[in-house]
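Here is the structure we will look at, set down as structure tokens.
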Amino acid sequence: MTQIVERPPKLTALPQATSLTMAQAINRALHDAMAADERVLVFGEDVAALGGVFRITEGLSGTFGEQRCFDTPLAESAIIGVAIGLAIRGFVPVPELQFDGFSYPAFDQVVSHLAKYRMRTRGQVDMPVTIRIPSFGGIGAVEHHSESTETYWVHTAGLKVVVPSTPSDAYWLLRHAIAAPDPVVFLEPKRRYWVRDAVDLSDPGPPIGAATVRRTGSDVTVLTYGGLVATALGAADIADFDLEVVDLRSLSPLDFDTIAASVRKTGRAVIVHEGPRTLGFGAELAARISEELFYDLEAPVLRATGFDTPYPPARLEKVWLPGVDRLLDCVEKVMRHG
């Protein structure tokens, strides 16, 4: 097994920039993290020989060897159990759960053990496990391949939960996640895998726990994350009102200061997420905004979400997912108040 070495105290940025798809950016982040620290291990179903379903881990096994990038049985609970054991022994595991809907068999290991281990040991044992999960819809996949699991993980104290929306965020959020002493659930929006953009490998960008204002505006704050950031920006381009789009990036910890500053400026907020409406992440956001910013609001906080039904067949996906029309309908409603 790989020799245990001292972990680098901080990320080392590379002095170069390039154009990458999100899939390539994640692959590059894994490669660079493995090159920087011999303790980093990548494993999961088909990640070595095949390079993953989306080829995210392609080439890693050939470059670093089968002891550092290896295939596992089709057993998600075992994958996370192994990751916990490896972390206890001083390694830095980066397991992949092949699809969002396949993460549920690992739920007990994540919630009962992974999330609690650092507190259980009073912080004496780090738990640097980053769970990569290709997530959300928008690619016309079959059943169990387009789930929105974020609320389960955010509700679980002890986990960090991040969702990139750009190739640059995908690269740097993953590097930050792997460097963190806490477990991180890294949700990758599958519909964004093939989007290409510039990635500055010399600028680490905002850390986990920081949101980003992707578009400034004065009328309505739109709060979203992952694949729906592009949807929100598209809506802003054609809206009759001036929308400010906030990309949350990190769901836990949540950057409420950036949210509050935007909502205080606009007086109105619309939240967009793919998952079902009831007890979705938007419910927590709406409650906190109403509790802490009540006197700054000019209208109720509205949500544009998926429906309270199981995820539909691929032919109905576009009807089920929130899109530009559903978002702009909420914008018009909040603008009619006050």
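The chains in the structure tokens are called A, B, ... from first to last as shown; in each chain the residues are counted from 1, and the ligands are counted from 1 in the order shown.
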
Each residue of stretch 129-155 of chain A lying at most 8 Å from stretch 100-106 of chain A should get a row with its shortest atom-to-atom pair and the distance in Å to one decimal, counting only C-alpha atoms; could you produce that, ordered by chain and increasing number, as JSON lines?
```
{"residue": "A:Ile133", "atom": "CA", "partner": "A:Asp100", "partner_atom": "CA", "distance": 5.8}
{"residue": "A:Pro134", "atom": "CA", "partner": "A:Asp100", "partner_atom": "CA", "distance": 5.9}
{"residue": "A:Ser135", "atom": "CA", "partner": "A:Asp100", "partner_atom": "CA", "distance": 4.9}
{"residue": "A:Phe136", "atom": "CA", "partner": "A:Asp100", "partner_atom": "CA", "distance": 7.1}
{"residue": "A:His144", "atom": "CA", "partner": "A:Gly101", "partner_atom": "CA", "distance": 4.4}
{"residue": "A:His145", "atom": "CA", "partner": "A:Gly101", "partner_atom": "CA", "distance": 5.5}
{"residue": "A:Ser146", "atom": "CA", "partner": "A:Asp100", "partner_atom": "CA", "distance": 6.5}
{"residue": "A:Glu147", "atom": "CA", "partner": "A:Asp100", "partner_atom": "CA", "distance": 5.4}
{"residue": "A:Ser148", "atom": "CA", "partner": "A:Asp100", "partner_atom": "CA", "distance": 7.1}
{"residue": "A:Thr149", "atom": "CA", "partner": "A:Asp100", "partner_atom": "CA", "distance": 6.7}
```

Pick out the residues sitting within 10 Å of A:Cys69, and hand them over as JSON, numbers by chain; count only C-alpha atoms, and ignore anything fewer than 6 positions along from it in its own chain.
{"A": [34, 40, 41, 42, 43, 44, 47, 48, 49, 51, 57, 59, 60, 61, 62, 63, 94, 95]}

Restrict the selected residues to N, CA and C atoms and save them as a compact mmCIF listing (two decimals), in the first residue's frame.
```txt
# COMPACT_ATOMS: atom_id res chain seq x y z
N MET A 34 -3.37 14.11 -6.47
CA MET A 34 -2.62 12.86 -6.31
C MET A 34 -1.13 13.07 -6.48
N VAL A 40 -3.34 10.55 -1.25
CA VAL A 40 -4.62 10.69 -1.93
C VAL A 40 -4.90 9.44 -2.77
N LEU A 41 -6.04 8.81 -2.52
CA LEU A 41 -6.45 7.60 -3.22
C LEU A 41 -7.80 7.84 -3.89
N VAL A 42 -7.95 7.39 -5.12
CA VAL A 42 -9.20 7.51 -5.87
C VAL A 42 -9.72 6.11 -6.14
N PHE A 43 -10.98 5.86 -5.79
CA PHE A 43 -11.52 4.52 -6.01
C PHE A 43 -13.04 4.58 -6.11
N GLY A 44 -13.61 3.53 -6.68
CA GLY A 44 -15.05 3.44 -6.89
C GLY A 44 -15.36 2.45 -8.00
N VAL A 47 -13.80 3.12 -11.91
CA VAL A 47 -13.02 4.35 -12.04
C VAL A 47 -11.63 4.12 -12.60
N ALA A 48 -11.11 2.90 -12.49
CA ALA A 48 -9.74 2.63 -12.92
C ALA A 48 -9.67 2.17 -14.36
N ALA A 49 -10.12 0.94 -14.63
CA ALA A 49 -10.00 0.37 -15.97
C ALA A 49 -10.81 1.17 -17.00
N GLY A 51 -12.18 4.32 -16.40
CA GLY A 51 -12.04 5.77 -16.25
C GLY A 51 -13.33 6.44 -15.83
N THR A 57 -12.22 9.95 -14.33
CA THR A 57 -10.98 9.44 -13.73
C THR A 57 -10.06 8.81 -14.77
N GLY A 59 -7.18 7.83 -17.06
CA GLY A 59 -5.73 8.03 -17.02
C GLY A 59 -5.11 8.02 -15.64
N LEU A 60 -5.90 8.11 -14.59
CA LEU A 60 -5.33 8.20 -13.24
C LEU A 60 -4.68 6.89 -12.81
N SER A 61 -5.32 5.77 -13.13
CA SER A 61 -4.75 4.48 -12.76
C SER A 61 -3.44 4.23 -13.50
N GLY A 62 -3.40 4.59 -14.79
CA GLY A 62 -2.18 4.41 -15.56
C GLY A 62 -1.04 5.29 -15.07
N THR A 63 -1.38 6.48 -14.61
CA THR A 63 -0.34 7.41 -14.14
C THR A 63 0.15 7.08 -12.75
N VAL A 94 -10.66 9.64 -1.89
CA VAL A 94 -11.60 10.36 -2.75
C VAL A 94 -12.45 9.32 -3.48
N PRO A 95 -13.44 8.75 -2.79
CA PRO A 95 -14.27 7.73 -3.42
C PRO A 95 -15.31 8.37 -4.35
```

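Using only C-alpha atoms for every distance, the candidate list A:Arg132, A:Arg89, A:Arg214, A:Arg28 yields A:Arg214 as the residue closest to A:Val229.
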
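Distance annotation: of A:Arg288, A:Lys333, A:Arg55, A:His273, the residue with the minimal separation from A:Leu321 is A:His273; atom set is only C-alpha atoms.
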
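Nearest to A:Thr18 of all the residues A:Asp257, A:Asp197, A:Glu58, A:Asp237 is A:Asp197, counting only C-alpha atoms.
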
Residue neighbourhood A:Thr305, 10 Å, only C-alpha atoms, exclusion window fewer than 2 positions, as a list of chain:residue names:
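Here the answer would be A:Ile271, A:Val272, A:His273, A:Glu274, A:Gly275, A:Pro276, A:Arg277, A:Thr278, A:Gly280, A:Phe281, A:Gly282, A:Leu302, A:Arg303, A:Phe307, A:Asp308, A:Trp320, A:Leu321, A:Pro322, A:Gly323, A:Arg326, A:Leu327.
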
Any chance you could export the current selection's N, CA and C atoms as a short mmCIF file (atom, residue, chain, number, x, y, z; two decimals), in the first residue's frame?
```
data_model
loop_
_atom_site.label_atom_id
_atom_site.label_comp_id
_atom_site.auth_asym_id
_atom_site.auth_seq_id
_atom_site.Cartn_x
_atom_site.Cartn_y
_atom_site.Cartn_z
N ILE A 271 -35.64 31.57 -5.17
CA ILE A 271 -34.70 30.45 -5.02
C ILE A 271 -35.03 29.40 -6.08
N VAL A 272 -33.99 28.86 -6.71
CA VAL A 272 -34.18 27.87 -7.77
C VAL A 272 -33.36 26.63 -7.44
N HIS A 273 -34.02 25.47 -7.40
CA HIS A 273 -33.28 24.21 -7.27
C HIS A 273 -34.05 23.09 -7.96
N GLU A 274 -33.34 22.02 -8.30
CA GLU A 274 -33.94 20.94 -9.08
C GLU A 274 -34.81 20.01 -8.26
N GLY A 275 -34.47 19.80 -7.00
CA GLY A 275 -35.17 18.81 -6.19
C GLY A 275 -36.62 19.17 -5.94
N PRO A 276 -37.40 18.22 -5.40
CA PRO A 276 -38.79 18.50 -5.05
C PRO A 276 -38.91 19.71 -4.13
N ARG A 277 -40.07 20.33 -4.16
CA ARG A 277 -40.28 21.59 -3.43
C ARG A 277 -40.30 21.38 -1.92
N THR A 278 -41.05 20.37 -1.44
CA THR A 278 -41.23 20.19 -0.01
C THR A 278 -39.93 19.78 0.67
N GLY A 280 -37.10 20.91 0.35
CA GLY A 280 -35.91 21.07 -0.46
C GLY A 280 -35.00 22.12 0.15
N PHE A 281 -33.80 22.29 -0.43
CA PHE A 281 -32.86 23.25 0.15
C PHE A 281 -33.43 24.66 0.14
N GLY A 282 -34.28 24.96 -0.82
CA GLY A 282 -34.90 26.28 -0.88
C GLY A 282 -35.77 26.58 0.33
N LEU A 302 -39.97 33.41 -2.89
CA LEU A 302 -40.59 32.37 -3.71
C LEU A 302 -39.55 31.36 -4.16
N ARG A 303 -40.06 30.16 -4.54
CA ARG A 303 -39.19 29.07 -4.97
C ARG A 303 -39.64 28.52 -6.31
N PHE A 307 -40.99 19.11 -8.88
CA PHE A 307 -42.29 18.79 -8.28
C PHE A 307 -42.15 17.72 -7.20
N ASP A 308 -43.19 17.61 -6.37
CA ASP A 308 -43.18 16.62 -5.30
C ASP A 308 -43.60 15.25 -5.82
N TRP A 320 -40.51 18.56 -15.97
CA TRP A 320 -40.36 18.43 -14.51
C TRP A 320 -39.35 19.43 -13.95
N LEU A 321 -38.24 19.59 -14.62
CA LEU A 321 -37.18 20.47 -14.09
C LEU A 321 -37.58 21.94 -14.17
N PRO A 322 -37.19 22.74 -13.17
CA PRO A 322 -37.45 24.18 -13.27
C PRO A 322 -36.59 24.79 -14.37
N GLY A 323 -37.21 25.64 -15.17
CA GLY A 323 -36.50 26.28 -16.26
C GLY A 323 -36.69 27.78 -16.23
N ARG A 326 -40.41 28.99 -15.47
CA ARG A 326 -40.83 28.85 -14.07
C ARG A 326 -40.14 29.89 -13.19
N LEU A 327 -38.89 30.15 -13.48
CA LEU A 327 -38.16 31.17 -12.72
C LEU A 327 -38.74 32.56 -12.98
#
```

Give me, as JSON, numbers by chain, all polymer residues having an atom no more than 8 Å from A:Pro189, counting only C-alpha atoms and skipping those fewer than 4 positions away in the same chain.
{"A": [134, 135, 136, 137, 163, 164, 165, 193, 226, 227]}

In Å to one decimal, how far is atom CA of A:Ile84 from atom CA of A:Thr72?
14.7 Å

Considering only C-alpha atoms, return as a ChimeraX atom specification whatever protein or nucleic-acid residues lie within 12 Å of A:Arg336, sequence-local ones (same chain, fewer than 6 positions apart) excluded.
/A:219-220,241,268,298-300,329-330
